[in-house]
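**Q** File name work.cif; file contents mmCIF, C-alpha atoms and all ligand atoms; full text below.
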```
data_coords
loop_
_atom_site.label_atom_id
_atom_site.label_comp_id
_atom_site.auth_asym_id
_atom_site.auth_seq_id
_atom_site.Cartn_x
_atom_site.Cartn_y
_atom_site.Cartn_z
CA MET I 1 -50.64 85.75 43.25
CA SER I 2 -49.32 83.13 40.88
CA GLU I 3 -50.09 83.64 37.26
CA LEU I 4 -51.67 80.91 35.21
CA ILE I 5 -49.37 80.17 32.30
CA ILE I 6 -51.14 78.66 29.33
CA GLU I 7 -48.59 77.07 27.08
CA GLN I 8 -48.99 77.79 23.40
CA PRO I 9 -49.05 74.62 21.29
CA LEU I 10 -46.29 74.21 18.71
CA LEU I 11 -48.88 73.70 15.99
CA ASN I 12 -52.41 74.98 16.27
CA ILE I 13 -54.83 74.11 13.48
CA ASN I 14 -58.04 76.02 13.97
CA GLY I 15 -61.26 75.59 11.99
CA LEU I 16 -59.43 74.30 8.92
CA LYS I 17 -61.45 73.74 5.77
CA THR I 18 -59.73 72.32 2.71
CA HIS I 19 -61.99 71.71 -0.25
CA PHE I 20 -61.48 70.31 -3.75
CA PHE I 21 -63.25 72.19 -6.51
CA THR I 22 -63.82 69.43 -9.02
CA LYS I 23 -65.89 69.48 -12.21
CA ARG I 24 -68.50 67.37 -10.48
CA GLY I 25 -68.77 69.63 -7.47
CA VAL I 26 -67.07 70.71 -4.26
CA VAL I 27 -65.48 67.99 -2.10
CA PRO I 28 -65.21 69.22 1.51
CA SER I 29 -62.33 66.86 2.44
CA VAL I 30 -61.43 68.75 5.59
CA ASP I 31 -64.48 70.46 6.98
CA GLY I 32 -63.69 72.55 10.03
CA VAL I 33 -60.92 70.68 11.81
CA SER I 34 -59.09 71.94 14.90
CA ILE I 35 -56.01 70.13 16.16
CA GLU I 36 -53.41 71.18 18.72
CA ILE I 37 -49.94 69.69 18.87
CA PRO I 38 -47.91 70.63 21.95
CA ALA I 39 -44.12 70.50 21.89
CA GLY I 40 -42.71 67.04 22.50
CA LYS I 41 -46.04 65.22 22.14
CA ILE I 42 -47.10 62.51 19.72
CA ILE I 43 -50.58 63.16 18.39
CA GLY I 44 -52.49 60.46 16.54
CA ILE I 45 -54.99 61.10 13.76
CA VAL I 46 -57.13 58.07 12.99
CA GLY I 47 -60.09 57.26 10.81
CA GLU I 48 -61.09 55.13 7.86
CA SER I 49 -59.82 55.69 4.35
CA GLY I 50 -61.02 58.95 2.80
CA CYS I 51 -61.66 60.78 6.09
CA GLY I 52 -59.30 63.64 5.29
CA LYS I 53 -56.18 62.65 7.24
CA SER I 54 -53.71 63.14 4.40
CA VAL I 55 -55.39 66.31 3.17
CA THR I 56 -55.09 67.75 6.70
CA SER I 57 -51.35 67.04 6.76
CA LEU I 58 -50.81 68.37 3.24
CA SER I 59 -52.61 71.54 4.28
CA VAL I 60 -50.10 72.03 7.10
CA MET I 61 -47.21 71.51 4.69
CA GLY I 62 -48.67 73.92 2.14
CA LEU I 63 -48.74 71.11 -0.40
CA VAL I 64 -52.42 70.87 -1.33
CA GLN I 65 -52.57 70.68 -5.11
CA ARG I 66 -55.20 72.17 -7.35
CA PRO I 67 -58.19 71.80 -7.53
CA GLY I 68 -57.77 71.70 -3.76
CA LYS I 69 -57.62 74.85 -1.66
CA VAL I 70 -57.62 75.83 1.99
CA VAL I 71 -60.78 77.93 2.19
CA GLU I 72 -61.03 78.69 5.89
CA GLY I 73 -59.19 78.52 9.18
CA THR I 74 -55.68 79.12 10.47
CA ILE I 75 -52.61 76.92 10.85
CA GLU I 76 -50.32 78.49 13.42
CA PHE I 77 -46.80 77.18 13.84
CA GLU I 78 -45.05 78.80 16.78
CA GLY I 79 -47.72 81.47 16.69
CA LYS I 80 -47.23 82.28 12.98
CA ASN I 81 -50.08 81.58 10.56
CA LEU I 82 -48.58 79.37 7.84
CA LEU I 83 -51.43 80.33 5.53
CA ASN I 84 -50.20 83.92 5.45
CA ILE I 85 -46.54 83.42 4.66
CA ASN I 86 -45.03 83.38 1.18
CA LYS I 87 -43.71 80.39 -0.75
CA THR I 88 -40.05 81.07 0.03
CA GLN I 89 -40.74 81.29 3.75
CA MET I 90 -42.83 78.13 3.60
CA ARG I 91 -40.09 76.25 1.75
CA LYS I 92 -37.67 77.24 4.47
CA ILE I 93 -39.92 75.89 7.20
CA ARG I 94 -40.69 72.71 5.24
CA GLY I 95 -37.95 70.16 5.60
CA ASN I 96 -36.21 72.26 8.20
CA GLU I 97 -38.61 72.96 11.04
CA ILE I 98 -41.46 70.77 9.83
CA SER I 99 -40.71 67.58 7.95
CA MET I 100 -42.96 64.94 6.54
CA ILE I 101 -42.89 61.23 5.86
CA PHE I 102 -45.31 60.60 3.03
CA GLN I 103 -47.76 57.75 2.70
CA GLU I 104 -46.02 56.44 -0.44
CA PRO I 105 -42.26 56.24 0.18
CA MET I 106 -41.51 55.19 -3.39
CA THR I 107 -43.10 58.28 -4.86
CA SER I 108 -41.10 60.59 -2.62
CA LEU I 109 -37.69 59.12 -3.44
CA ASN I 110 -36.23 59.95 -6.82
CA PRO I 111 -35.34 56.69 -8.63
CA VAL I 112 -32.40 58.16 -10.55
CA TYR I 113 -30.31 59.36 -7.59
CA THR I 114 -28.66 57.35 -4.85
CA VAL I 115 -30.39 57.57 -1.49
CA GLY I 116 -27.23 59.03 0.04
CA ARG I 117 -27.22 61.87 -2.42
CA GLN I 118 -30.91 62.62 -1.84
CA VAL I 119 -30.60 62.75 1.92
CA SER I 120 -27.39 64.82 1.65
CA GLU I 121 -29.28 67.30 -0.45
CA ALA I 122 -32.01 67.58 2.17
CA LEU I 123 -29.23 68.57 4.54
CA THR I 124 -27.18 70.93 2.36
CA ILE I 125 -30.25 72.90 1.26
CA HIS I 126 -30.75 73.99 4.84
CA GLU I 127 -27.25 74.01 6.26
CA ASN I 128 -24.06 75.46 4.96
CA ILE I 129 -21.79 72.41 5.07
CA ASP I 130 -19.51 70.71 2.56
CA ARG I 131 -20.05 67.37 0.83
CA ASP I 132 -17.78 65.29 3.03
CA GLU I 133 -19.33 66.60 6.20
CA ALA I 134 -22.81 66.01 4.74
CA LYS I 135 -21.90 62.43 3.82
CA LYS I 136 -20.65 61.78 7.34
CA ARG I 137 -23.85 63.12 8.87
CA VAL I 138 -26.02 61.09 6.46
CA ILE I 139 -24.21 57.86 7.30
CA GLU I 140 -24.65 58.63 10.98
CA ILE I 141 -28.35 59.17 10.55
CA PHE I 142 -28.67 55.98 8.46
CA GLU I 143 -27.04 54.12 11.34
CA SER I 144 -29.36 55.69 13.85
CA VAL I 145 -32.44 54.58 11.89
CA GLY I 146 -31.11 51.03 11.90
CA ILE I 147 -29.85 50.71 8.33
CA PRO I 148 -27.24 47.93 8.25
CA GLU I 149 -24.00 48.69 6.38
CA ALA I 150 -24.97 52.34 6.24
CA GLY I 151 -21.78 53.35 4.39
CA LYS I 152 -22.53 50.93 1.58
CA ARG I 153 -26.20 51.84 1.44
CA PHE I 154 -25.27 55.47 0.88
CA ASN I 155 -24.58 54.56 -2.76
CA SER I 156 -27.71 52.45 -3.31
CA TYR I 157 -30.55 53.46 -5.57
CA PRO I 158 -34.09 53.31 -4.13
CA HIS I 159 -35.08 50.22 -6.19
CA GLN I 160 -32.14 48.29 -4.73
CA LEU I 161 -33.60 48.55 -1.24
CA SER I 162 -36.48 46.71 0.43
CA GLY I 163 -39.65 48.59 1.40
CA GLY I 164 -38.54 48.62 5.03
CA LEU I 165 -35.15 50.12 4.21
CA ARG I 166 -36.69 52.73 1.92
CA GLN I 167 -39.04 53.76 4.69
CA ARG I 168 -36.07 54.07 7.08
CA ILE I 169 -34.33 56.28 4.52
CA MET I 170 -37.44 58.48 4.44
CA ILE I 171 -37.48 58.68 8.22
CA GLY I 172 -33.76 59.49 8.23
CA MET I 173 -34.40 62.22 5.68
CA ALA I 174 -37.25 63.59 7.81
CA MET I 175 -35.07 63.55 10.93
CA ILE I 176 -31.80 64.88 9.57
CA CYS I 177 -32.55 68.56 10.10
CA SER I 178 -33.85 67.93 13.65
CA PRO I 179 -37.32 69.25 12.85
CA LYS I 180 -39.52 70.63 15.60
CA LEU I 181 -42.50 68.87 14.07
CA MET I 182 -42.57 65.65 12.09
CA ILE I 183 -45.70 64.63 10.21
CA ALA I 184 -45.79 60.91 9.53
CA ASP I 185 -48.55 59.74 7.18
CA GLU I 186 -49.03 55.98 7.66
CA PRO I 187 -45.27 55.51 8.05
CA THR I 188 -45.48 51.82 8.84
CA THR I 189 -48.55 50.58 6.99
CA ALA I 190 -46.60 48.86 4.23
CA LEU I 191 -44.10 47.23 6.59
CA ASP I 192 -44.14 43.96 8.47
CA VAL I 193 -44.77 44.06 12.19
CA THR I 194 -41.18 43.70 13.42
CA ILE I 195 -39.98 46.58 11.27
CA GLU I 196 -43.06 48.53 12.30
CA ALA I 197 -42.16 48.06 15.97
CA GLN I 198 -38.57 49.20 15.31
CA ILE I 199 -39.71 52.31 13.48
CA LEU I 200 -42.21 53.26 16.17
CA HIS I 201 -39.45 52.82 18.72
CA LEU I 202 -37.22 55.10 16.66
CA MET I 203 -39.86 57.81 16.48
CA ARG I 204 -40.42 57.65 20.22
CA GLU I 205 -36.66 58.01 20.75
CA LEU I 206 -36.59 61.01 18.44
CA ARG I 207 -39.26 62.65 20.54
CA ASN I 208 -37.51 61.79 23.80
CA LYS I 209 -34.10 62.99 22.63
CA ASN I 210 -34.99 66.12 20.66
CA ASN I 211 -38.42 66.97 22.06
CA THR I 212 -39.77 66.64 18.50
CA SER I 213 -43.55 66.77 18.17
CA ILE I 214 -45.04 64.12 15.93
CA MET I 215 -48.33 64.10 14.07
CA MET I 216 -48.94 60.42 13.47
CA ILE I 217 -51.51 59.57 10.83
CA THR I 218 -52.69 56.00 10.88
CA HIS I 219 -55.76 53.83 10.54
CA ASN I 220 -54.22 51.39 13.01
CA LEU I 221 -55.40 51.84 16.59
CA GLY I 222 -52.66 49.45 17.73
CA VAL I 223 -50.09 52.01 16.55
CA VAL I 224 -52.01 54.71 18.41
CA ALA I 225 -52.00 52.73 21.65
CA GLU I 226 -48.30 52.03 21.23
CA ILE I 227 -46.96 55.51 20.66
CA CYS I 228 -49.48 58.39 20.89
CA ASP I 229 -50.15 60.72 23.81
CA TYR I 230 -53.36 62.18 22.46
CA VAL I 231 -55.73 61.10 19.67
CA TYR I 232 -58.09 62.72 17.18
CA VAL I 233 -60.66 60.46 15.50
CA MET I 234 -61.73 61.83 12.12
CA TYR I 235 -64.76 60.89 10.09
CA ALA I 236 -65.70 62.30 6.67
CA GLY I 237 -63.72 65.52 7.16
CA LYS I 238 -64.56 66.23 10.79
CA VAL I 239 -63.14 65.37 14.21
CA MET I 240 -65.68 63.11 15.95
CA GLU I 241 -63.80 62.47 19.18
CA GLN I 242 -60.54 63.59 20.73
CA ALA I 243 -58.96 62.44 23.96
CA GLU I 244 -55.82 61.61 25.83
CA VAL I 245 -54.84 58.13 24.63
CA ASN I 246 -55.67 56.06 27.73
CA GLU I 247 -58.89 57.97 28.18
CA LEU I 248 -59.90 57.18 24.59
CA PHE I 249 -59.40 53.45 25.07
CA ASP I 250 -60.79 53.24 28.63
CA ASN I 251 -63.70 55.59 28.21
CA THR I 252 -64.64 55.40 24.52
CA LEU I 253 -67.63 57.60 23.87
CA HIS I 254 -68.40 58.07 20.18
CA PRO I 255 -70.18 55.15 18.49
CA TYR I 256 -67.74 55.57 15.57
CA THR I 257 -64.66 55.24 17.78
CA ASP I 258 -66.35 52.30 19.46
CA GLY I 259 -66.88 50.67 16.04
CA LEU I 260 -63.24 51.24 15.10
CA LEU I 261 -62.10 49.64 18.35
CA ARG I 262 -64.43 46.67 17.97
CA SER I 263 -63.13 46.04 14.46
CA MET I 264 -59.55 45.78 15.70
CA PRO I 265 -58.17 42.26 15.47
CA ARG I 266 -57.17 40.87 18.87
CA MET I 267 -54.58 38.20 19.36
CA ASN I 268 -56.54 36.10 21.79
CA SER I 269 -59.74 35.78 19.81
CA SER I 270 -58.68 34.39 16.46
CA ASP I 271 -61.82 32.30 15.96
CA GLU I 272 -64.17 35.14 16.84
CA LYS I 273 -65.73 36.81 13.82
CA LEU I 274 -64.38 40.34 13.49
CA TYR I 275 -66.89 43.16 13.89
CA SER I 276 -67.14 45.68 11.09
CA ILE I 277 -68.99 48.98 11.03
CA LYS I 278 -71.91 48.60 8.63
CA GLY I 279 -71.94 50.69 5.47
CA VAL I 280 -69.19 52.87 4.04
CA VAL I 281 -67.80 56.41 4.40
CA PRO I 282 -70.27 58.67 2.53
CA ASN I 283 -69.52 60.45 -0.70
CA LEU I 284 -68.34 63.81 0.58
CA MET I 285 -70.24 65.62 -2.15
CA LYS I 286 -73.46 64.06 -0.90
CA LEU I 287 -73.09 64.15 2.84
CA PRO I 288 -76.12 62.95 4.79
CA LYS I 289 -78.13 65.54 6.69
CA GLY I 290 -77.52 65.83 10.41
CA CYS I 291 -74.67 63.83 11.88
CA ARG I 292 -72.51 62.53 9.05
CA PHE I 293 -72.08 59.21 10.83
CA SER I 294 -75.82 58.71 11.48
CA PRO I 295 -76.57 56.37 8.52
CA ARG I 296 -74.03 53.90 9.95
CA CYS I 297 -74.66 54.50 13.63
CA GLU I 298 -76.35 51.86 15.76
CA ARG I 299 -77.42 54.47 18.28
CA ALA I 300 -78.75 57.14 15.91
CA THR I 301 -82.07 58.77 16.82
CA GLU I 302 -84.43 60.80 14.70
CA ARG I 303 -82.66 64.00 15.80
CA CYS I 304 -79.30 62.75 14.54
CA LEU I 305 -80.76 62.51 11.04
CA ARG I 306 -81.65 66.18 10.91
CA GLN I 307 -79.26 68.07 13.20
CA GLU I 308 -75.49 68.07 13.31
CA PRO I 309 -73.97 67.73 16.80
CA GLU I 310 -71.21 70.04 18.01
CA LEU I 311 -67.99 68.85 19.55
CA TYR I 312 -68.99 68.65 23.23
CA ARG I 313 -66.27 69.04 25.79
CA ILE I 314 -66.54 66.30 28.40
CA ASP I 315 -63.54 67.34 30.41
CA ASN I 316 -60.08 68.82 29.91
CA ASN I 317 -58.79 65.92 27.91
CA HIS I 318 -61.87 64.58 26.14
CA SER I 319 -64.36 65.98 23.60
CA VAL I 320 -66.93 64.20 21.47
CA ARG I 321 -69.26 65.13 18.61
CA CYS I 322 -72.38 63.18 19.56
CA PHE I 323 -75.76 64.14 21.07
CA LEU I 324 -75.50 61.24 23.54
CA TYR I 325 -73.05 63.36 25.51
CA GLU I 326 -74.62 66.75 25.04
CA SER I 327 -75.15 67.13 28.76
CA GLY I 328 -71.88 65.52 29.79
CA VAL I 329 -71.09 61.97 30.84
CA LYS I 330 -72.17 60.15 33.98
CA LYS I 331 -69.04 58.83 35.65
N1 LIG I 401 -57.24 65.82 -5.86
C1 LIG I 401 -58.42 65.51 -5.32
N2 LIG I 401 -59.58 65.77 -5.96
C2 LIG I 401 -60.78 65.47 -5.43
N3 LIG I 401 -60.93 64.89 -4.22
C3 LIG I 401 -59.82 64.63 -3.52
C4 LIG I 401 -58.51 64.90 -4.02
N4 LIG I 401 -57.60 64.50 -3.09
C5 LIG I 401 -58.31 64.00 -2.07
N5 LIG I 401 -59.64 64.05 -2.32
C6 LIG I 401 -60.73 63.58 -1.46
O1 LIG I 401 -60.55 64.02 -0.16
C7 LIG I 401 -61.00 63.03 0.77
C8 LIG I 401 -59.97 62.83 1.83
O2 LIG I 401 -58.79 62.26 1.27
P1 LIG I 401 -57.51 61.89 2.13
O3 LIG I 401 -56.48 61.48 1.18
O4 LIG I 401 -57.20 63.00 3.06
O5 LIG I 401 -58.03 60.65 2.98
P2 LIG I 401 -57.24 59.81 4.08
O6 LIG I 401 -58.01 59.94 5.34
O7 LIG I 401 -55.81 60.18 4.08
O8 LIG I 401 -57.44 58.30 3.53
P3 LIG I 401 -56.39 57.06 3.47
O9 LIG I 401 -56.52 56.40 4.82
O10 LIG I 401 -56.95 56.23 2.37
O11 LIG I 401 -55.03 57.58 3.18
C9 LIG I 401 -61.31 61.78 -0.04
O12 LIG I 401 -62.68 61.64 -0.16
C10 LIG I 401 -60.68 62.07 -1.37
O13 LIG I 401 -61.43 61.47 -2.39
MG MG I 402 -54.08 59.21 3.51
#
```
Translate the structure of the given file into structure tokens.

**A**
Amino acid sequence: MSELIIEQPLLNINGLKTHFFTKRGVVPSVDGVSIEIPAGKIIGIVGESGCGKSVTSLSVMGLVQRPGKVVEGTIEFEGKNLLNINKTQMRKIRGNEISMIFQEPMTSLNPVYTVGRQVSEALTIHENIDRDEAKKRVIEIFESVGIPEAGKRFNSYPHQLSGGLRQRIMIGMAMICSPKLMIADEPTTALDVTIEAQILHLMRELRNKNNTSIMMITHNLGVVAEICDYVYVMYAGKVMEQAEVNELFDNTLHPYTDGLLRSMPRMNSSDEKLYSIKGVVPNLMKLPKGCRFSPRCERATERCLRQEPELYRIDNNHSVRCFLYESGVKK
């Protein structure tokens, strides 16, 4: 009899709750989120501003600052719960096995050191190599992320580089230790579309070459369509829909995902007025009763205003948090 082998995901976030304990009250930024990232896959996390995407990624990195705190759940990396390990162990994993590209590249580069020195340091902290060898490796990585005149750029300070080049430096820094998992928080949002395309291409290559898993945080569904294998749609701290990428676009179920898709600009309809989801993301300290999307939902019923739906599993690669699909989907 053949045994069924269930592959363990590289990263397994389960029931994560990260809350901020502010003077005004508790902000449940991440409110019971479960995300699986298999080895070699690119997973997209999408949702409007303030949905908890960055806080989720900071939780994985162990970088949530006070008054924030992970209050529930587990974050298993290769089967080890990152919430149970000490700071030294976490520091070792961070930057070595898991690396991150932050939403604000300028704030994560130190203005007083050359970019070459900063990336070399990222390398020498984790590997026992001398300065010349480190410099050689850094120049190689700069070349591979498409930085022209990489040798010269090694000695540049961050302010001497364009936004696009700085972002490439950050990606180079995130790649240099060949991490198993790379978390990229809006890596291309500030860049123009040609540079964006190049960087997405680079990340796909990284995955193909090294089998790196990537957690791609973005509010841009075009980026998701371009590069992701699987997608999680977050709203006000919760996952509302998750699906394999083609399935999400071809068989969109949640009214929120549908709204996000309809508000995407399309090239061939420039004179058509762009749809926008009515209303705004709620104040997380005053979440509406029932489904948190119900005040903005065109399909909300009386039940949605009082009861919160679970995440219903539609099939192996699709789940949705909406009563419309409580008893499955007619296909
Ligand atoms: N230090 C903090 N104190 C209080 N609330 C916080 C803090 N940091 C984040 N939050 C709240 O947590 C929620 C989620 O924030 P987060 O940064 O994860 O959103 P996001 O989905 O990454 O949005 P964006 O697309 O704008 O980057 C927001 O409502 C935010 O106000
Ligand atoms: Mg963010």

**Q** Which one of I:Val64, I:Pro9, I:Asp315, I:Thr74 sits closest to Ser327 of chain I if you count all atoms listed in the file?

**A**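 Going through I:Val64, I:Pro9, I:Asp315, I:Thr74 one by one, the smallest distance to Ser327 of chain I is for I:Asp315.
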
**Q** For atom CA of Pro67 of chain I and atom CA of Ser108 of chain I, determine how far apart the two atoms are, in Å to one decimal place.

**A**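 According to the coordinates, atom CA of Pro67 of chain I and atom CA of Ser108 of chain I are separated by 21.0 Å.
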
**Q** Just checking: using only C-alpha atoms, which residue out of I:Gly151, I:Tyr157, I:Asp192, I:Arg299 ends up closest to Val112 of chain I?

**A**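 Residue with the minimum atom-to-atom distance to Val112 of chain I: I:Tyr157.
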
**Q** I'd like a table as JSON lines: residues in chain I with an atom no more than 8 Å from ligand MG 402 (chain I), each row giving the shortest atom pair and its distance in Å to one decimal, all atoms listed in the file counted, sorted by chain and rising residue number.

**A**
```
{"residue": "I:Ser49", "atom": "CA", "partner": "I:MG402", "partner_atom": "MG", "distance": 6.8}
{"residue": "I:Gly50", "atom": "CA", "partner": "I:MG402", "partner_atom": "MG", "distance": 7.0}
{"residue": "I:Gly52", "atom": "CA", "partner": "I:MG402", "partner_atom": "MG", "distance": 7.1}
{"residue": "I:Lys53", "atom": "CA", "partner": "I:MG402", "partner_atom": "MG", "distance": 5.5}
{"residue": "I:Ser54", "atom": "CA", "partner": "I:MG402", "partner_atom": "MG", "distance": 4.0}
{"residue": "I:Val55", "atom": "CA", "partner": "I:MG402", "partner_atom": "MG", "distance": 7.2}
{"residue": "I:Gln103", "atom": "CA", "partner": "I:MG402", "partner_atom": "MG", "distance": 6.5}
{"residue": "I:Asp185", "atom": "CA", "partner": "I:MG402", "partner_atom": "MG", "distance": 6.7}
{"residue": "I:Glu186", "atom": "CA", "partner": "I:MG402", "partner_atom": "MG", "distance": 7.3}
{"residue": "I:Ile217", "atom": "CA", "partner": "I:MG402", "partner_atom": "MG", "distance": 7.8}
```

**Q** Could those selected residues go to a file with C-alpha atoms, as a CSV table (one decimal), in the coordinates of the input?

**A**
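See selection.csv below for the written result:
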```csv
chain,number,residue,atom,x,y,z
I,49,SER,CA,-59.8,55.7,4.4
I,50,GLY,CA,-61.0,59.0,2.8
I,52,GLY,CA,-59.3,63.6,5.3
I,53,LYS,CA,-56.2,62.6,7.2
I,54,SER,CA,-53.7,63.1,4.4
I,55,VAL,CA,-55.4,66.3,3.2
I,103,GLN,CA,-47.8,57.8,2.7
I,185,ASP,CA,-48.6,59.7,7.2
I,186,GLU,CA,-49.0,56.0,7.7
I,217,ILE,CA,-51.5,59.6,10.8
```

**Q** Which residues of chain I come within 9 Å of ligand LIG 401 (chain I), and for each one, what is the closest pair of atoms and their distance in Å to one decimal, counting only C-alpha atoms and all ligand atoms, sorted by chain and residue number, as a tab-separated table?

**A**
```
residue	atom	partner	partner_atom	distance
I:Thr18	CA	I:LIG401	O1	8.8
I:His19	CA	I:LIG401	O1	7.8
I:Phe20	CA	I:LIG401	C2	5.2
I:Phe21	CA	I:LIG401	C2	7.2
I:Thr22	CA	I:LIG401	C2	6.1
I:Val26	CA	I:LIG401	C2	8.3
I:Val27	CA	I:LIG401	N3	5.9
I:Pro28	CA	I:LIG401	O1	7.2
I:Ser29	CA	I:LIG401	O1	4.2
I:Val30	CA	I:LIG401	C8	7.2
I:Val46	CA	I:LIG401	O6	7.9
I:Gly47	CA	I:LIG401	O6	6.4
I:Glu48	CA	I:LIG401	O9	5.6
I:Ser49	CA	I:LIG401	O9	3.4
I:Gly50	CA	I:LIG401	O5	3.4
I:Cys51	CA	I:LIG401	O6	3.8
I:Gly52	CA	I:LIG401	O4	3.1
I:Lys53	CA	I:LIG401	O6	3.8
I:Ser54	CA	I:LIG401	O7	3.6
I:Val55	CA	I:LIG401	O4	3.8
I:Thr56	CA	I:LIG401	O4	6.3
I:Ser57	CA	I:LIG401	O4	8.0
I:Leu58	CA	I:LIG401	O4	8.3
I:Val64	CA	I:LIG401	N1	8.3
I:Gln65	CA	I:LIG401	N1	6.8
I:Arg66	CA	I:LIG401	N1	6.8
I:Pro67	CA	I:LIG401	N1	6.3
I:Gly68	CA	I:LIG401	N1	6.3
I:Gln103	CA	I:LIG401	O11	7.3
I:Asp185	CA	I:LIG401	O7	7.9
I:Glu186	CA	I:LIG401	O11	7.7
I:Ile217	CA	I:LIG401	O7	8.0
I:Thr218	CA	I:LIG401	O9	7.2
I:His219	CA	I:LIG401	O9	6.3
I:Met234	CA	I:LIG401	O6	8.0
I:Tyr235	CA	I:LIG401	O6	8.3
I:Ala236	CA	I:LIG401	O12	7.5
I:Gly237	CA	I:LIG401	C8	7.1
I:Val281	CA	I:LIG401	O12	8.6
I:Pro282	CA	I:LIG401	O12	8.6
I:Asn283	CA	I:LIG401	O12	7.0
I:Leu284	CA	I:LIG401	O12	6.1
I:Met285	CA	I:LIG401	O12	8.8
```

**Q** Print the selection's residues with C-alpha atoms to a file, as a short mmCIF file (atom, residue, chain, number, x, y, z; two decimals), keeping the file's coordinate frame.

**A**
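Result file follows (again.cif):
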```
data_model
loop_
_atom_site.label_atom_id
_atom_site.label_comp_id
_atom_site.auth_asym_id
_atom_site.auth_seq_id
_atom_site.Cartn_x
_atom_site.Cartn_y
_atom_site.Cartn_z
CA THR I 18 -59.73 72.32 2.71
CA HIS I 19 -61.99 71.71 -0.25
CA PHE I 20 -61.48 70.31 -3.75
CA PHE I 21 -63.25 72.19 -6.51
CA THR I 22 -63.82 69.43 -9.02
CA VAL I 26 -67.07 70.71 -4.26
CA VAL I 27 -65.48 67.99 -2.10
CA PRO I 28 -65.21 69.22 1.51
CA SER I 29 -62.33 66.86 2.44
CA VAL I 30 -61.43 68.75 5.59
CA VAL I 46 -57.13 58.07 12.99
CA GLY I 47 -60.09 57.26 10.81
CA GLU I 48 -61.09 55.13 7.86
CA SER I 49 -59.82 55.69 4.35
CA GLY I 50 -61.02 58.95 2.80
CA CYS I 51 -61.66 60.78 6.09
CA GLY I 52 -59.30 63.64 5.29
CA LYS I 53 -56.18 62.65 7.24
CA SER I 54 -53.71 63.14 4.40
CA VAL I 55 -55.39 66.31 3.17
CA THR I 56 -55.09 67.75 6.70
CA SER I 57 -51.35 67.04 6.76
CA LEU I 58 -50.81 68.37 3.24
CA VAL I 64 -52.42 70.87 -1.33
CA GLN I 65 -52.57 70.68 -5.11
CA ARG I 66 -55.20 72.17 -7.35
CA PRO I 67 -58.19 71.80 -7.53
CA GLY I 68 -57.77 71.70 -3.76
CA GLN I 103 -47.76 57.75 2.70
CA ASP I 185 -48.55 59.74 7.18
CA GLU I 186 -49.03 55.98 7.66
CA ILE I 217 -51.51 59.57 10.83
CA THR I 218 -52.69 56.00 10.88
CA HIS I 219 -55.76 53.83 10.54
CA MET I 234 -61.73 61.83 12.12
CA TYR I 235 -64.76 60.89 10.09
CA ALA I 236 -65.70 62.30 6.67
CA GLY I 237 -63.72 65.52 7.16
CA VAL I 281 -67.80 56.41 4.40
CA PRO I 282 -70.27 58.67 2.53
CA ASN I 283 -69.52 60.45 -0.70
CA LEU I 284 -68.34 63.81 0.58
CA MET I 285 -70.24 65.62 -2.15
#
```

**Q** Find, counting all atoms listed in the file, the residue in I:Gly172, I:Pro187, I:Gly116, I:Gly44 that gets nearest to Ser156 of chain I.

**A**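 Under the stated criterion, the closest residue is I:Gly116.
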
**Q** To one decimal in Å, tell me the separation between atom CA of Thr212 of chain I and atom CA of Leu200 of chain I.

**A**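 Rounded to one decimal, the two atoms are 13.8 Å apart.
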